[in-house]
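K.L.:
One structure is given below, represented as structure tokens, and several questions about it will come after.
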Amino acid sequence: MDREELAPHADELARVLGEKVDKNKIMDDLDKYVNLYRVSLEWAKRDILKKMGGDPDSVGDGSERKNVAELTGAEQSVDLLVKVLTVNPKTIEVGGVSKNIVYGYVADESGRVPYTIWETESVQMKEGSTVIVRNAYTKEYKGNPQLNLGNRASVEESDEVLDVADMPSGGSAEVKIAELTDGMNYVIVSGKIGRPEQREITVSGEKKMIVTGILSDETGSAEFTVWKEMELNDGDEVRVIGAYVKSWRGMPKLNLGDKAEVQVLERGTLGDISGSVPKPRTLEDVELAGGAMDVVVHGTLVDVREGSGLVMRCPDCRRVLQKSTCRVHGKVKGIDDLRIKAILDDGTSSMSVIFGKELTEQMLNISIDEAVKMTTEERNPDAVKEMAEEKLFARPLEVRGMVRSDDYGPMLIAREARFMEIDVREEGAKLLTELEGFN
Ligand SMILES: [Zn+2]
């Protein structure tokens with residue numbers, strides 16, 4: 001845009017700012033923003049107004065520019081400059097019709113917020129890019145804002161690159177362990193150290209000491225690695241500043257690089273968290289985070305899958321045998337085992353879940369010996385699976401365990417399970433409908 005085209009806009013800004021500012025200065029700024037920095041005109045005008053003490057909402061289409069921390073969950077139309085942390089496509093059912101959506105997290109220096117793109121044909125985002133989001137709206141979910149990009153929204157790549165990793169500590173929000181998400185940078189989190197272990201590793205020919213262990217708070221646990229030598233003791237309470245989160249063995253892991261700082265807190269600062277049970281989370285939330293080491297979820301068993309029931313395992317490697325044959329050890333005398341592979345659904349998402357022998361015995365109220373006897377007497381290899389279908393289908397459950405993500409999606413490995421009396425699926429579906437704004 002040449003200066004002639006910009007002139008009416010400079011005039012408009014001067015009017016809003018009350019003529020007390022130098023119009024040439026406004027013109028120079030506008031020129032620089034639009035032609036040098038290649039910022040959109042609307043954006044440039046709002047920024048100049050902000051900088052010169054005017055009200056940025058007095059120009060443009062009424063969409064308000066905010067940073068993430070300012071979001072309330074009640075914005076009708078909001079603009080943001082954010083870095084795209086994660087991009088996850090997903091197909092959901094809305095009123096019996098399949099719909100493709102994309103969800104994930106975006107962040108700026110003030111914090112991060114989950115987003116959903118409802119119109120995937122017209123709006124796309126690329127992981128790691130910095131974008132200007134326009135005309136989005138927000139909804140509140142469990143007290144936190146969620147960003148929604150509907151049919152009015154647009155996304156434009158920005159030349160300004162938000163380096164969320166290099167933000168000052170003051171600008172980054174403290175998170176809980178349950179909120180740790182693959183791809184997060186510059187994390188501040190507090191917790192109790194468990195099972196710290198000094199290890200020697202070799203990095204490009206050089207020996208190096210690192211520390212691994214588990215960090216826990218009242219919301220969950222996560223593995224951590226400190227990539228340098230550090231003295232940490234079991235039970236130490238610490239505040240970690242400037243860590244990053246990367247998926248490791250299908251779960252978000254906390255990494256403390258050179259820039260990370262560890263403050264050892266006075267014991268008792270975090271209260272007694274030993275034996276505390278994490279607060280239930282939605283399946284969608286756990287899926288978004290890319291897994292978790294210790295979660296509690298509520299859901300309904302909607303399918304008991306093949307491979308459930310009585311199985312034979314190899315005595316050497318524990319692999320499940322096919323026709324008394326181990327994939328590695330050949331024909332062996334197998335050991336009986338019980339398991340249930342199922343699909344859990346809470347209305348926000350569904351997830352594979354696996355229950356081992358003890359939980360299968362407990363849920364079906366049958367011992368493994370009884371299961372073997374039943375299978376033999378009925379001459380039906382699927383006797384236990386059929387029993388599981390009968391007893392568990394559509395039953396609401398509370399499950400605690402570990403969620404690992406791989407190419408096949410997240411998998412919940414159950415450690416505890418109990419039947420619930422409420423219809424968790426309906427509850428979850430209601431929440432989702434509210435979020436979508438389709439009601
Ligand atoms: Zn084997």
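Ordered as shown in the structure tokens, chains take letters A, B, and onward, while each chain numbers its residues from 1 and ligands are numbered from 1 in the order shown.
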Give me, as a ChimeraX atom specification, the residues of region 147-327 of chain A that a backbone DSSP run labels alpha helix (DSSP H).
P.N.:
/A:283-289
K.L.:
Please identify every residue of chain A that has at least one atom no farther than 12 Å from an atom of ligand 1, counting only C-alpha atoms and all ligand atoms, and for each give the shortest atom pair and the distance in Å to one decimal, arranged by chain then increasing number, as CSV.
P.N.:
```
residue,atom,partner,partner_atom_place_in_ligand_line,distance
A:Met312,CA,ligand 1,1 (Zn),10.9
A:Arg313,CA,ligand 1,1 (Zn),7.7
A:Cys314,CA,ligand 1,1 (Zn),4.5
A:Pro315,CA,ligand 1,1 (Zn),6.6
A:Asp316,CA,ligand 1,1 (Zn),5.0
A:Cys317,CA,ligand 1,1 (Zn),4.2
A:Arg318,CA,ligand 1,1 (Zn),6.2
A:Arg319,CA,ligand 1,1 (Zn),5.6
A:Val320,CA,ligand 1,1 (Zn),8.2
A:Leu321,CA,ligand 1,1 (Zn),8.0
A:Gln322,CA,ligand 1,1 (Zn),10.9
A:Ser324,CA,ligand 1,1 (Zn),10.4
A:Thr325,CA,ligand 1,1 (Zn),8.2
A:Cys326,CA,ligand 1,1 (Zn),4.8
A:Arg327,CA,ligand 1,1 (Zn),6.4
A:Val328,CA,ligand 1,1 (Zn),5.0
A:His329,CA,ligand 1,1 (Zn),4.4
A:Gly330,CA,ligand 1,1 (Zn),7.1
A:Lys331,CA,ligand 1,1 (Zn),8.9
A:Val332,CA,ligand 1,1 (Zn),7.9
A:Lys333,CA,ligand 1,1 (Zn),10.2
A:Gly334,CA,ligand 1,1 (Zn),9.3
A:Ile335,CA,ligand 1,1 (Zn),11.0
```
K.L.:
With distances taken over only C-alpha atoms, which of A:Leu254, A:Val245, A:Val203, A:Leu41 is nearest to Val226 (chain A)?
P.N.:
A:Leu254
K.L.:
Return the single residue from A:Thr86, A:Glu231, A:Glu140, A:Lys207 that is closest to Asn185 (chain A), with distances computed using only C-alpha atoms.
P.N.:
A:Thr86
K.L.:
Using only C-alpha atoms, find each residue in region 279-323 of chain A having at least one atom no more than 10 Å away from region 208-219 of chain A; report its shortest atom-to-atom pair and that distance in Å (one decimal), rows by chain then rising number, as JSON lines.
P.N.:
```
{"residue": "A:Lys279", "atom": "CA", "partner": "A:Thr219", "partner_atom": "CA", "distance": 6.1}
{"residue": "A:Pro280", "atom": "CA", "partner": "A:Thr219", "partner_atom": "CA", "distance": 9.0}
{"residue": "A:Arg281", "atom": "CA", "partner": "A:Thr219", "partner_atom": "CA", "distance": 9.6}
{"residue": "A:Met293", "atom": "CA", "partner": "A:Ile214", "partner_atom": "CA", "distance": 9.6}
{"residue": "A:Asp294", "atom": "CA", "partner": "A:Thr219", "partner_atom": "CA", "distance": 8.5}
{"residue": "A:Val295", "atom": "CA", "partner": "A:Thr219", "partner_atom": "CA", "distance": 8.1}
{"residue": "A:Val296", "atom": "CA", "partner": "A:Thr219", "partner_atom": "CA", "distance": 9.6}
```
K.L.:
Which residues are near region 106-118 of chain A? Cut-off 7 Å, only C-alpha atoms, ignore same chain within fewer than 3 positions. Put them as a ChimeraX atom specification.
P.N.:
/A:67-69,82-85,101-103,146-150,162,164,167,171-173
K.L.:
Rounded to one decimal, what separation in Å do you get between CA of Gly299 (chain A) and CA of Gly73 (chain A)?
P.N.:
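Computing it gives 26.2 Å between the two atoms.
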K.L.:
Distance CA of Glu121 (chain A)-CA of Glu75 (chain A), one decimal place?
P.N.:
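Computing it gives 23.4 Å between the two atoms.
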K.L.:
Would you list the contacts of Leu17 (chain A) as a PDB file with N, CA, C and O atoms, in the first residue's frame, taking every protein, DNA or RNA residue within 12 Å and counting only C-alpha atoms, but skipping same-chain residues closer than 2 positions in sequence?
P.N.:
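And here's around30.pdb as it stands now:
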```
ATOM      1  N   ALA A  10      -4.587   6.920   8.359  1.00  0.00           N
ATOM      2  CA  ALA A  10      -3.816   7.750   9.298  1.00  0.00           C
ATOM      3  C   ALA A  10      -4.719   8.854   9.862  1.00  0.00           C
ATOM      4  O   ALA A  10      -4.665   9.170  11.056  1.00  0.00           O
ATOM      5  N   ASP A  11      -5.567   9.409   8.994  1.00  0.00           N
ATOM      6  CA  ASP A  11      -6.518  10.438   9.446  1.00  0.00           C
ATOM      7  C   ASP A  11      -7.455   9.881  10.515  1.00  0.00           C
ATOM      8  O   ASP A  11      -7.715  10.525  11.532  1.00  0.00           O
ATOM      9  N   GLU A  12      -7.951   8.677  10.250  1.00  0.00           N
ATOM     10  CA  GLU A  12      -8.880   8.052  11.201  1.00  0.00           C
ATOM     11  C   GLU A  12      -8.220   7.866  12.568  1.00  0.00           C
ATOM     12  O   GLU A  12      -8.795   8.172  13.606  1.00  0.00           O
ATOM     13  N   LEU A  13      -6.963   7.400  12.534  1.00  0.00           N
ATOM     14  CA  LEU A  13      -6.238   7.199  13.791  1.00  0.00           C
ATOM     15  C   LEU A  13      -6.020   8.521  14.511  1.00  0.00           C
ATOM     16  O   LEU A  13      -6.169   8.613  15.729  1.00  0.00           O
ATOM     17  N   ALA A  14      -5.674   9.528  13.755  1.00  0.00           N
ATOM     18  CA  ALA A  14      -5.441  10.849  14.343  1.00  0.00           C
ATOM     19  C   ALA A  14      -6.718  11.363  15.019  1.00  0.00           C
ATOM     20  O   ALA A  14      -6.665  11.926  16.106  1.00  0.00           O
ATOM     21  N   ARG A  15      -7.860  11.149  14.362  1.00  0.00           N
ATOM     22  CA  ARG A  15      -9.149  11.564  14.937  1.00  0.00           C
ATOM     23  C   ARG A  15      -9.388  10.852  16.267  1.00  0.00           C
ATOM     24  O   ARG A  15      -9.734  11.472  17.259  1.00  0.00           O
ATOM     25  N   GLU A  19      -6.123  14.349  17.773  1.00  0.00           N
ATOM     26  CA  GLU A  19      -5.310  15.368  17.108  1.00  0.00           C
ATOM     27  C   GLU A  19      -4.057  15.766  17.881  1.00  0.00           C
ATOM     28  O   GLU A  19      -3.226  16.514  17.383  1.00  0.00           O
ATOM     29  N   LYS A  20      -3.921  15.309  19.129  1.00  0.00           N
ATOM     30  CA  LYS A  20      -2.771  15.767  19.910  1.00  0.00           C
ATOM     31  C   LYS A  20      -1.468  15.096  19.443  1.00  0.00           C
ATOM     32  O   LYS A  20      -0.387  15.534  19.779  1.00  0.00           O
ATOM     33  N   VAL A  21      -1.608  13.992  18.694  1.00  0.00           N
ATOM     34  CA  VAL A  21      -0.390  13.342  18.210  1.00  0.00           C
ATOM     35  C   VAL A  21      -0.038  13.799  16.794  1.00  0.00           C
ATOM     36  O   VAL A  21      -0.894  14.248  16.033  1.00  0.00           O
ATOM     37  N   ASP A  22       1.234  13.650  16.480  1.00  0.00           N
ATOM     38  CA  ASP A  22       1.763  14.071  15.191  1.00  0.00           C
ATOM     39  C   ASP A  22       1.278  13.130  14.083  1.00  0.00           C
ATOM     40  O   ASP A  22       1.544  11.939  14.111  1.00  0.00           O
ATOM     41  N   LYS A  23       0.555  13.706  13.116  1.00  0.00           N
ATOM     42  CA  LYS A  23      -0.011  12.876  12.052  1.00  0.00           C
ATOM     43  C   LYS A  23       1.079  12.240  11.178  1.00  0.00           C
ATOM     44  O   LYS A  23       0.920  11.131  10.691  1.00  0.00           O
ATOM     45  N   ILE A  26       2.216   9.088  12.867  1.00  0.00           N
ATOM     46  CA  ILE A  26       1.249   8.007  12.648  1.00  0.00           C
ATOM     47  C   ILE A  26       1.436   7.421  11.251  1.00  0.00           C
ATOM     48  O   ILE A  26       1.472   6.206  11.066  1.00  0.00           O
ATOM     49  N   LYS A  45      -3.429  -0.771  12.631  1.00  0.00           N
ATOM     50  CA  LYS A  45      -4.161   0.347  13.226  1.00  0.00           C
ATOM     51  C   LYS A  45      -4.418   0.109  14.712  1.00  0.00           C
ATOM     52  O   LYS A  45      -4.248   0.992  15.550  1.00  0.00           O
ATOM     53  N   ARG A  46      -4.795  -1.117  15.014  1.00  0.00           N
ATOM     54  CA  ARG A  46      -5.075  -1.445  16.415  1.00  0.00           C
ATOM     55  C   ARG A  46      -3.806  -1.334  17.263  1.00  0.00           C
ATOM     56  O   ARG A  46      -3.838  -0.836  18.389  1.00  0.00           O
ATOM     57  N   ILE A  48      -1.101   0.500  16.677  1.00  0.00           N
ATOM     58  CA  ILE A  48      -0.677   1.889  16.813  1.00  0.00           C
ATOM     59  C   ILE A  48      -1.535   2.587  17.867  1.00  0.00           C
ATOM     60  O   ILE A  48      -1.037   3.312  18.734  1.00  0.00           O
ATOM     61  N   LEU A  49      -2.831   2.321  17.815  1.00  0.00           N
ATOM     62  CA  LEU A  49      -3.726   2.924  18.809  1.00  0.00           C
ATOM     63  C   LEU A  49      -3.338   2.499  20.219  1.00  0.00           C
ATOM     64  O   LEU A  49      -3.267   3.311  21.139  1.00  0.00           O
ATOM     65  N   LYS A  50      -3.074   1.222  20.373  1.00  0.00           N
ATOM     66  CA  LYS A  50      -2.704   0.686  21.674  1.00  0.00           C
ATOM     67  C   LYS A  50      -1.435   1.372  22.183  1.00  0.00           C
ATOM     68  O   LYS A  50      -1.347   1.795  23.330  1.00  0.00           O
ATOM     69  N   LYS A  51      -0.467   1.471  21.286  1.00  0.00           N
ATOM     70  CA  LYS A  51       0.832   2.035  21.633  1.00  0.00           C
ATOM     71  C   LYS A  51       0.727   3.512  22.005  1.00  0.00           C
ATOM     72  O   LYS A  51       1.408   3.989  22.906  1.00  0.00           O
ATOM     73  N   MET A  52      -0.175   4.215  21.320  1.00  0.00           N
ATOM     74  CA  MET A  52      -0.284   5.659  21.554  1.00  0.00           C
ATOM     75  C   MET A  52      -1.366   5.996  22.574  1.00  0.00           C
ATOM     76  O   MET A  52      -1.757   7.152  22.712  1.00  0.00           O
ATOM     77  N   GLY A  53      -1.867   4.993  23.242  1.00  0.00           N
ATOM     78  CA  GLY A  53      -2.794   5.248  24.335  1.00  0.00           C
ATOM     79  C   GLY A  53      -4.245   5.394  23.913  1.00  0.00           C
ATOM     80  O   GLY A  53      -5.081   5.889  24.679  1.00  0.00           O
ATOM     81  N   GLY A  54      -4.577   4.980  22.693  1.00  0.00           N
ATOM     82  CA  GLY A  54      -5.974   5.038  22.250  1.00  0.00           C
ATOM     83  C   GLY A  54      -6.665   3.707  22.475  1.00  0.00           C
ATOM     84  O   GLY A  54      -6.045   2.744  22.908  1.00  0.00           O
ATOM     85  N   ASP A  55      -7.964   3.675  22.168  1.00  0.00           N
ATOM     86  CA  ASP A  55      -8.727   2.447  22.334  1.00  0.00           C
ATOM     87  C   ASP A  55      -8.698   1.653  21.027  1.00  0.00           C
ATOM     88  O   ASP A  55      -9.260   2.080  20.027  1.00  0.00           O
ATOM     89  N   PRO A  56      -8.035   0.496  21.040  1.00  0.00           N
ATOM     90  CA  PRO A  56      -7.918  -0.258  19.784  1.00  0.00           C
ATOM     91  C   PRO A  56      -9.267  -0.714  19.225  1.00  0.00           C
ATOM     92  O   PRO A  56      -9.376  -0.990  18.033  1.00  0.00           O
ATOM     93  N   SER A  58     -11.769   1.074  18.769  1.00  0.00           N
ATOM     94  CA  SER A  58     -12.478   2.138  18.062  1.00  0.00           C
ATOM     95  C   SER A  58     -12.256   2.078  16.551  1.00  0.00           C
ATOM     96  O   SER A  58     -12.808   2.858  15.816  1.00  0.00           O
ATOM     97  N   VAL A  59     -11.452   1.149  16.091  1.00  0.00           N
ATOM     98  CA  VAL A  59     -11.333   0.948  14.644  1.00  0.00           C
ATOM     99  C   VAL A  59     -11.627  -0.519  14.328  1.00  0.00           C
ATOM    100  O   VAL A  59     -11.677  -1.353  15.215  1.00  0.00           O
TER     101      VAL A  59
END
```
